[in-house]
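Peer 1: Before I ask anything, here is the structure I am working with.
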Amino acid sequence: MSVVVINNKIPSLCALLIFLYIANGFTLQGTPNVSSLKKHTKISAALILDGQEIRGPIVPLRNFVLVQTKDSLSATSGGILLPDQSKERPTEGVVIAAGPGKLHPHTGIRIHNPVQKGMSVLYGKFDGTPLSYDGEQMQMIRDDDVMLYYEGVQMTKDNVTPCRDYVLIKLDKENLETSSGIVVAATVTKDNLPCIGTVFKVGEGRLASSGEFTNSPVNAGERVKFKDYSGNEIKIQGEEYALVRMVDILCSAEAKVEA
């Protein structure tokens, strides 16, 4: 069988067409090459980090956590809605990405990161490093900055978990009596955080030098007193709680058993 070449430019033209088909993500049969399309789409979808264009999503290393702050609102005693950021309370945010965890400096064992993408977390108001990522203001914090985490739309008593060496304490809301016998309502002293309450939940423990976690010195249901100004006040389903580190708890007593 012989082939008659009418124009010597035809083979070059065919080669060029084949090259263009492949470069544009198509097979010789004319059907889209899905993997190639995804690859080109991913590369072309550039993101912006602090005003600089980057080729793909950022990946936190070690125990770093990328968090987008929530702008939830709450009502004051006068009924005025204020952003939570305007109060001296922990900041609430959603985890966008999280590293695998840091390596212990002595044992080399990787200490797992307690939070994952999609979880909501509470962390200190001034913790971490602010950055602008993909048009949104975010915060890069460490897992050590996380006080509490949960999964779901909002915090509830059932879904919250204190992080590591934090203890969630339900605060007393009884009226206070002065030395002269005058009873002061709790609303008058609302800026003075009570240092006595009942343990509601405890974290997995405090990280020891061996790389393992030690158990909490207190258990749920115990009455405790903690250091002044060491608690971080939060409100869950309308009730006042405090997040306190285990080392800041001074003493404990078993809960009273009602007859």
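To be explicit about the labels: the chains of the structure tokens are called A, B, and onward in the order shown, and within each one the residues are counted from 1, while ligands get numbers from 1 in the order they are shown.
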May I have the residues within 9 Å of region 219-225 of chain A as a list in words, using only C-alpha atoms and disregarding those fewer than 4 positions away in the same chain?
Peer 2: Ile169, Cys195, Ile196, Gly197, Thr198, Val199, Phe200, Lys201, Val202, Asp248, Ile249, Leu250, Cys251, Ser252, Ala253, Glu254, Ala255 and Lys256 of chain A
Peer 1: Next, write the just-selected residues to a file, as a PDB file, in the first residue's frame, keeping N, CA, C and O atoms as the atom set.
Peer 2:
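Dumped to part-v1.pdb:
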ATOM      1  N   ILE A 169     -14.849  25.281  83.625  1.00  0.00           N
ATOM      2  CA  ILE A 169     -15.459  25.394  84.948  1.00  0.00           C
ATOM      3  C   ILE A 169     -16.729  26.220  84.860  1.00  0.00           C
ATOM      4  O   ILE A 169     -16.731  27.325  84.313  1.00  0.00           O
ATOM      5  N   CYS A 195     -13.821  33.211  91.108  1.00  0.00           N
ATOM      6  CA  CYS A 195     -12.720  32.247  91.055  1.00  0.00           C
ATOM      7  C   CYS A 195     -13.105  30.914  91.665  1.00  0.00           C
ATOM      8  O   CYS A 195     -12.245  30.107  92.026  1.00  0.00           O
ATOM      9  N   ILE A 196     -14.389  30.677  91.815  1.00  0.00           N
ATOM     10  CA  ILE A 196     -14.889  29.423  92.378  1.00  0.00           C
ATOM     11  C   ILE A 196     -15.976  28.882  91.460  1.00  0.00           C
ATOM     12  O   ILE A 196     -16.798  29.626  90.925  1.00  0.00           O
ATOM     13  N   GLY A 197     -15.951  27.578  91.261  1.00  0.00           N
ATOM     14  CA  GLY A 197     -16.966  26.969  90.416  1.00  0.00           C
ATOM     15  C   GLY A 197     -16.876  25.462  90.438  1.00  0.00           C
ATOM     16  O   GLY A 197     -16.132  24.868  91.230  1.00  0.00           O
ATOM     17  N   THR A 198     -17.638  24.839  89.555  1.00  0.00           N
ATOM     18  CA  THR A 198     -17.694  23.384  89.466  1.00  0.00           C
ATOM     19  C   THR A 198     -17.114  22.931  88.128  1.00  0.00           C
ATOM     20  O   THR A 198     -17.465  23.480  87.075  1.00  0.00           O
ATOM     21  N   VAL A 199     -16.225  21.951  88.190  1.00  0.00           N
ATOM     22  CA  VAL A 199     -15.602  21.442  86.968  1.00  0.00           C
ATOM     23  C   VAL A 199     -16.664  20.801  86.086  1.00  0.00           C
ATOM     24  O   VAL A 199     -17.398  19.916  86.522  1.00  0.00           O
ATOM     25  N   PHE A 200     -16.736  21.271  84.837  1.00  0.00           N
ATOM     26  CA  PHE A 200     -17.715  20.732  83.893  1.00  0.00           C
ATOM     27  C   PHE A 200     -17.076  19.713  82.950  1.00  0.00           C
ATOM     28  O   PHE A 200     -17.590  18.620  82.756  1.00  0.00           O
ATOM     29  N   LYS A 201     -15.927  20.077  82.361  1.00  0.00           N
ATOM     30  CA  LYS A 201     -15.191  19.159  81.489  1.00  0.00           C
ATOM     31  C   LYS A 201     -13.699  19.428  81.641  1.00  0.00           C
ATOM     32  O   LYS A 201     -13.286  20.535  81.990  1.00  0.00           O
ATOM     33  N   VAL A 202     -12.878  18.407  81.364  1.00  0.00           N
ATOM     34  CA  VAL A 202     -11.428  18.554  81.435  1.00  0.00           C
ATOM     35  C   VAL A 202     -10.803  18.115  80.114  1.00  0.00           C
ATOM     36  O   VAL A 202     -11.359  17.296  79.380  1.00  0.00           O
ATOM     37  N   ASP A 248      -3.283  26.464  87.243  1.00  0.00           N
ATOM     38  CA  ASP A 248      -3.835  27.630  87.925  1.00  0.00           C
ATOM     39  C   ASP A 248      -4.940  27.271  88.907  1.00  0.00           C
ATOM     40  O   ASP A 248      -5.487  28.153  89.571  1.00  0.00           O
ATOM     41  N   ILE A 249      -5.281  25.986  89.010  1.00  0.00           N
ATOM     42  CA  ILE A 249      -6.282  25.546  89.982  1.00  0.00           C
ATOM     43  C   ILE A 249      -5.600  25.345  91.331  1.00  0.00           C
ATOM     44  O   ILE A 249      -4.635  24.581  91.443  1.00  0.00           O
ATOM     45  N   LEU A 250      -6.087  26.029  92.354  1.00  0.00           N
ATOM     46  CA  LEU A 250      -5.440  26.023  93.661  1.00  0.00           C
ATOM     47  C   LEU A 250      -5.851  24.851  94.537  1.00  0.00           C
ATOM     48  O   LEU A 250      -5.012  24.219  95.188  1.00  0.00           O
ATOM     49  N   CYS A 251      -7.124  24.545  94.573  1.00  0.00           N
ATOM     50  CA  CYS A 251      -7.605  23.462  95.428  1.00  0.00           C
ATOM     51  C   CYS A 251      -8.933  22.954  94.901  1.00  0.00           C
ATOM     52  O   CYS A 251      -9.584  23.596  94.079  1.00  0.00           O
ATOM     53  N   SER A 252      -9.320  21.789  95.379  1.00  0.00           N
ATOM     54  CA  SER A 252     -10.573  21.180  94.932  1.00  0.00           C
ATOM     55  C   SER A 252     -11.242  20.462  96.088  1.00  0.00           C
ATOM     56  O   SER A 252     -10.619  20.144  97.096  1.00  0.00           O
ATOM     57  N   ALA A 253     -12.525  20.225  95.934  1.00  0.00           N
ATOM     58  CA  ALA A 253     -13.291  19.466  96.916  1.00  0.00           C
ATOM     59  C   ALA A 253     -14.384  18.718  96.157  1.00  0.00           C
ATOM     60  O   ALA A 253     -14.897  19.208  95.131  1.00  0.00           O
ATOM     61  N   GLU A 254     -14.730  17.546  96.623  1.00  0.00           N
ATOM     62  CA  GLU A 254     -15.777  16.786  95.973  1.00  0.00           C
ATOM     63  C   GLU A 254     -17.103  17.507  96.081  1.00  0.00           C
ATOM     64  O   GLU A 254     -17.368  18.210  97.049  1.00  0.00           O
ATOM     65  N   ALA A 255     -17.913  17.361  95.050  1.00  0.00           N
ATOM     66  CA  ALA A 255     -19.233  18.010  95.042  1.00  0.00           C
ATOM     67  C   ALA A 255     -20.098  17.473  96.155  1.00  0.00           C
ATOM     68  O   ALA A 255     -20.027  16.284  96.511  1.00  0.00           O
ATOM     69  N   LYS A 256     -20.920  18.350  96.737  1.00  0.00           N
ATOM     70  CA  LYS A 256     -21.836  17.947  97.800  1.00  0.00           C
ATOM     71  C   LYS A 256     -22.916  17.026  97.246  1.00  0.00           C
ATOM     72  O   LYS A 256     -23.459  17.265  96.171  1.00  0.00           O
TER      73      LYS A 256
END
Peer 1: If we count only C-alpha atoms and set the cut-off at 9 Å, which residues sit around Gly205 (chain A), ignoring sequence neighbours fewer than 2 positions away in its own chain? Please answer as a PyMOL selection string.
Peer 2: chain A and resi 163-166+202-203+207+212-217+246
Peer 1: By how many Å are CA of His112 (chain A) and CA of Val244 (chain A) apart?
Peer 2: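 Distance reported for this atom pair: 21.7 Å.
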Peer 1: I'd like the contact shell of region 149-153 of chain A - 7 Å cut-off, only C-alpha atoms, skipping same-chain residues fewer than 5 positions apart - returned as a PyMOL selection string.
Peer 2: chain A and resi 119-122+159-163
Peer 1: Tell me, as a PyMOL selection string, which residues lie within 10 Å of region 91-101 of chain A, counting only C-alpha atoms; anything in the same chain fewer than 3 positions away does not count.
Peer 2: chain A and resi 57-72+84-85+87-88+104+109-127+138-143+146-151+234
Peer 1: Using only C-alpha atoms, can you tell me which of A:Ala242, A:Leu47, A:Ile54, A:Leu103 comes closest to Gly211 (chain A)?
Peer 2: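 Between A:Ala242, A:Leu47, A:Ile54, A:Leu103, the residue approaching Gly211 (chain A) most closely is A:Leu103.
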Peer 1: To one decimal place in Å, what is the distance between CA of Gln237 (chain A) and CA of Met155 (chain A)?
Peer 2: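 A separation of 7.5 Å between them.
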Peer 1: To one decimal place, how far is CA of Leu168 (chain A) from CA of Asn232 (chain A) in Å?
Peer 2: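 Atom-to-atom, CA of Leu168 (chain A) to CA of Asn232 (chain A), that is 9.5 Å.
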